[in-house]
Amino acid sequence: MVKESTLVNLLDNYVSGSRLDCAEAIYMWARGIPNEYASSALRIRYGNGMVYNEVIRDLKKIKVSKPIDRTEDTKFRIDRIIFEFFEEKCLPLILDRMVDGFKAIMVKTKKLMISLARADLLKGGNYVDWNTLWILYRAVFNEELTDFEKNVVIRELLKINVIEYIAEGKVHFPPYIDAIRQELSNLANMPKIEIPDLKEEEGKSWWKVNRETLLKQPFI
């Protein structure tokens, strides 16, 4: 078991050492996001696909194995300590990067964000099927994206934390995205639209056919 101060010192070292990648990795670990999906997303954001493993090694050194473990002295859950620290010390940095990122992304990426915001899908903890993204984009802007353009759009949204990670053909948005709801509203200052239907079996079959190829892509 670990003392609370030891865990907090580890988190403080990440922030003071400008290791936001480690801070985000431990936050994803605490929420139970599997290594495969977290590492792929973190590689896009920080250029380091091994940071999740690095964090797990750091946790083992201080004798932490599971997010639901409790500290030796205060008996607080490990995940709760990480959540509170992340929200206080790291989240402002990430939110600033998200808002700044809106200025640099290409037009097609911004269009996808507008489509998601107008459909009220771009909100904390939500996820969207991969196929739905492009059906929605086509419904709003009456245009198709090439596979290459789709890859670039997804990479850009992963890089600025608008997409947190992708798993099993579903695009997941971070729980903290609601904190910039006003910026998203300004971006998508249009009436809400209805989401086109996508049969569940179509989404499943699409993922089954393309899974091996997609897992080799840098954005998955």
# chains A, B, ... in the order shown; residues from 1 in each chain; ligands from 1
$ residues_around --residues "Lys103 in chain A" --least-positions-apart "4" --cutoff "12 Å" --atoms "only C-alpha atoms" --output "VMD selection string"
chain A and resid 96 to 99 107 109 to 110 156 160 183 187
$ select_by_dssp --residues "range 9-148 of chain A" --states "strand (DSSP E or B)" --output "count of residues only"
5
$ residues_around --residues "Val153 in chain A" --least-positions-apart "4" --cutoff "9 Å" --atoms "only C-alpha atoms" --output "VMD selection string"
chain A and resid 105 to 106 108 to 110 112 148 to 149 157 to 158
$ closest_residue --among "A:Tyr27, A:Tyr127, A:Tyr37, A:Tyr52" --to "His172 in chain A" --atoms "only C-alpha atoms"
A:Tyr127
$ residues_around --residues "Val171 in chain A" --least-positions-apart "4" --cutoff "8 Å" --atoms "only C-alpha atoms" --output "ChimeraX atom specification"
/A:127-130,163-167
$ write_last_selection --atoms "all heavy atoms" --output "mmCIF file, in the first residue's frame"
data_model
loop_
_atom_site.group_PDB
_atom_site.id
_atom_site.type_symbol
_atom_site.label_atom_id
_atom_site.label_comp_id
_atom_site.auth_asym_id
_atom_site.auth_seq_id
_atom_site.Cartn_x
_atom_site.Cartn_y
_atom_site.Cartn_z
ATOM 1 N N TYR A 127 -19.765 8.817 -26.759
ATOM 2 C CA TYR A 127 -19.006 8.210 -27.846
ATOM 3 C C TYR A 127 -19.911 8.069 -29.064
ATOM 4 O O TYR A 127 -21.138 8.051 -28.951
ATOM 5 C CB TYR A 127 -18.423 6.850 -27.442
ATOM 6 C CG TYR A 127 -19.441 5.788 -27.109
ATOM 7 C CD1 TYR A 127 -20.041 5.031 -28.115
ATOM 8 C CD2 TYR A 127 -19.791 5.524 -25.789
ATOM 9 C CE1 TYR A 127 -20.970 4.053 -27.814
ATOM 10 C CE2 TYR A 127 -20.717 4.551 -25.480
ATOM 11 C CZ TYR A 127 -21.304 3.812 -26.496
ATOM 12 O OH TYR A 127 -22.226 2.855 -26.197
ATOM 13 N N VAL A 128 -19.279 8.002 -30.230
ATOM 14 C CA VAL A 128 -20.003 7.949 -31.495
ATOM 15 C C VAL A 128 -19.397 6.851 -32.357
ATOM 16 O O VAL A 128 -18.173 6.717 -32.426
ATOM 17 C CB VAL A 128 -19.925 9.303 -32.241
ATOM 18 C CG1 VAL A 128 -20.644 9.222 -33.586
ATOM 19 C CG2 VAL A 128 -20.515 10.420 -31.396
ATOM 20 N N ASP A 129 -20.252 6.083 -33.003
ATOM 21 C CA ASP A 129 -19.777 5.058 -33.923
ATOM 22 C C ASP A 129 -19.026 5.702 -35.085
ATOM 23 O O ASP A 129 -19.395 6.775 -35.573
ATOM 24 C CB ASP A 129 -20.975 4.262 -34.449
ATOM 25 C CG ASP A 129 -20.558 3.153 -35.385
ATOM 26 O OD1 ASP A 129 -20.268 2.057 -34.892
ATOM 27 O OD2 ASP A 129 -20.509 3.392 -36.609
ATOM 28 N N TRP A 130 -17.973 5.038 -35.523
ATOM 29 C CA TRP A 130 -17.124 5.572 -36.598
ATOM 30 C C TRP A 130 -17.936 5.933 -37.838
ATOM 31 O O TRP A 130 -17.777 7.008 -38.411
ATOM 32 C CB TRP A 130 -16.048 4.542 -36.936
ATOM 33 C CG TRP A 130 -15.156 4.908 -38.076
ATOM 34 C CD1 TRP A 130 -15.334 4.609 -39.395
ATOM 35 C CD2 TRP A 130 -13.937 5.658 -38.003
ATOM 36 N NE1 TRP A 130 -14.315 5.109 -40.151
ATOM 37 C CE2 TRP A 130 -13.435 5.758 -39.321
ATOM 38 C CE3 TRP A 130 -13.228 6.237 -36.958
ATOM 39 C CZ2 TRP A 130 -12.250 6.421 -39.617
ATOM 40 C CZ3 TRP A 130 -12.045 6.896 -37.254
ATOM 41 C CH2 TRP A 130 -11.568 6.985 -38.566
ATOM 42 N N ILE A 163 -11.101 14.417 -29.327
ATOM 43 C CA ILE A 163 -11.317 12.975 -29.216
ATOM 44 C C ILE A 163 -10.305 12.465 -28.200
ATOM 45 O O ILE A 163 -9.112 12.737 -28.315
ATOM 46 C CB ILE A 163 -11.118 12.260 -30.567
ATOM 47 C CG1 ILE A 163 -12.207 12.673 -31.559
ATOM 48 C CG2 ILE A 163 -11.131 10.740 -30.376
ATOM 49 C CD1 ILE A 163 -12.002 12.114 -32.953
ATOM 50 N N GLU A 164 -10.778 11.734 -27.200
ATOM 51 C CA GLU A 164 -9.849 11.224 -26.189
ATOM 52 C C GLU A 164 -9.158 9.951 -26.669
ATOM 53 O O GLU A 164 -7.946 9.809 -26.550
ATOM 54 C CB GLU A 164 -10.575 10.955 -24.879
ATOM 55 C CG GLU A 164 -9.616 10.583 -23.763
ATOM 56 C CD GLU A 164 -10.293 10.394 -22.421
ATOM 57 O OE1 GLU A 164 -11.521 10.142 -22.394
ATOM 58 O OE2 GLU A 164 -9.599 10.496 -21.399
ATOM 59 N N TYR A 165 -9.941 9.020 -27.213
ATOM 60 C CA TYR A 165 -9.368 7.778 -27.732
ATOM 61 C C TYR A 165 -10.404 7.091 -28.613
ATOM 62 O O TYR A 165 -11.575 7.493 -28.649
ATOM 63 C CB TYR A 165 -8.919 6.837 -26.606
ATOM 64 C CG TYR A 165 -10.041 6.296 -25.754
ATOM 65 C CD1 TYR A 165 -10.576 5.021 -25.972
ATOM 66 C CD2 TYR A 165 -10.577 7.046 -24.710
ATOM 67 C CE1 TYR A 165 -11.604 4.527 -25.188
ATOM 68 C CE2 TYR A 165 -11.604 6.557 -23.921
ATOM 69 C CZ TYR A 165 -12.118 5.302 -24.165
ATOM 70 O OH TYR A 165 -13.137 4.814 -23.388
ATOM 71 N N ILE A 166 -9.970 6.062 -29.343
ATOM 72 C CA ILE A 166 -10.851 5.281 -30.207
ATOM 73 C C ILE A 166 -10.741 3.822 -29.796
ATOM 74 O O ILE A 166 -9.636 3.309 -29.595
ATOM 75 C CB ILE A 166 -10.473 5.449 -31.690
ATOM 76 C CG1 ILE A 166 -10.608 6.919 -32.105
ATOM 77 C CG2 ILE A 166 -11.358 4.571 -32.580
ATOM 78 C CD1 ILE A 166 -10.129 7.206 -33.509
ATOM 79 N N ALA A 167 -11.888 3.159 -29.654
ATOM 80 C CA ALA A 167 -11.890 1.756 -29.244
ATOM 81 C C ALA A 167 -13.030 1.015 -29.917
ATOM 82 O O ALA A 167 -14.178 1.463 -29.872
ATOM 83 C CB ALA A 167 -12.034 1.645 -27.720
#
$ atom_distance --atom1 "CA of Pro34 in chain A" --atom2 "CA of Pro67 in chain A"
12.6 Å
$ residues_around --residues "Leu133 in chain A" --least-positions-apart "6" --cutoff "12 Å" --atoms "only C-alpha atoms" --output "VMD selection string"
chain A and resid 109 111 to 117 119 121 to 122 127 139 to 140 144 to 145 150 153 to 154 169 to 172 195 to 198 203
$ residues_around --residues "Val8 in chain A" --least-positions-apart "5" --cutoff "9 Å" --atoms "only C-alpha atoms" --output "PyMOL selection string"
chain A and resi 3+13+81-82+85
$ atom_distance --atom1 "CA of Thr6 in chain A" --atom2 "CA of Val64 in chain A"
10.6 Å
$ residues_around --residues "range 69-76 of chain A" --least-positions-apart "3" --cutoff "8 Å" --atoms "only C-alpha atoms" --output "list of chain:residue names"
A:Met1, A:Val2, A:Lys3, A:Glu4, A:Val64, A:Ser65, A:Lys66, A:Asp79, A:Arg80, A:Ile81
$ atom_distance --atom1 "CA of Tyr14 in chain A" --atom2 "CA of Ile56 in chain A"
13.4 Å
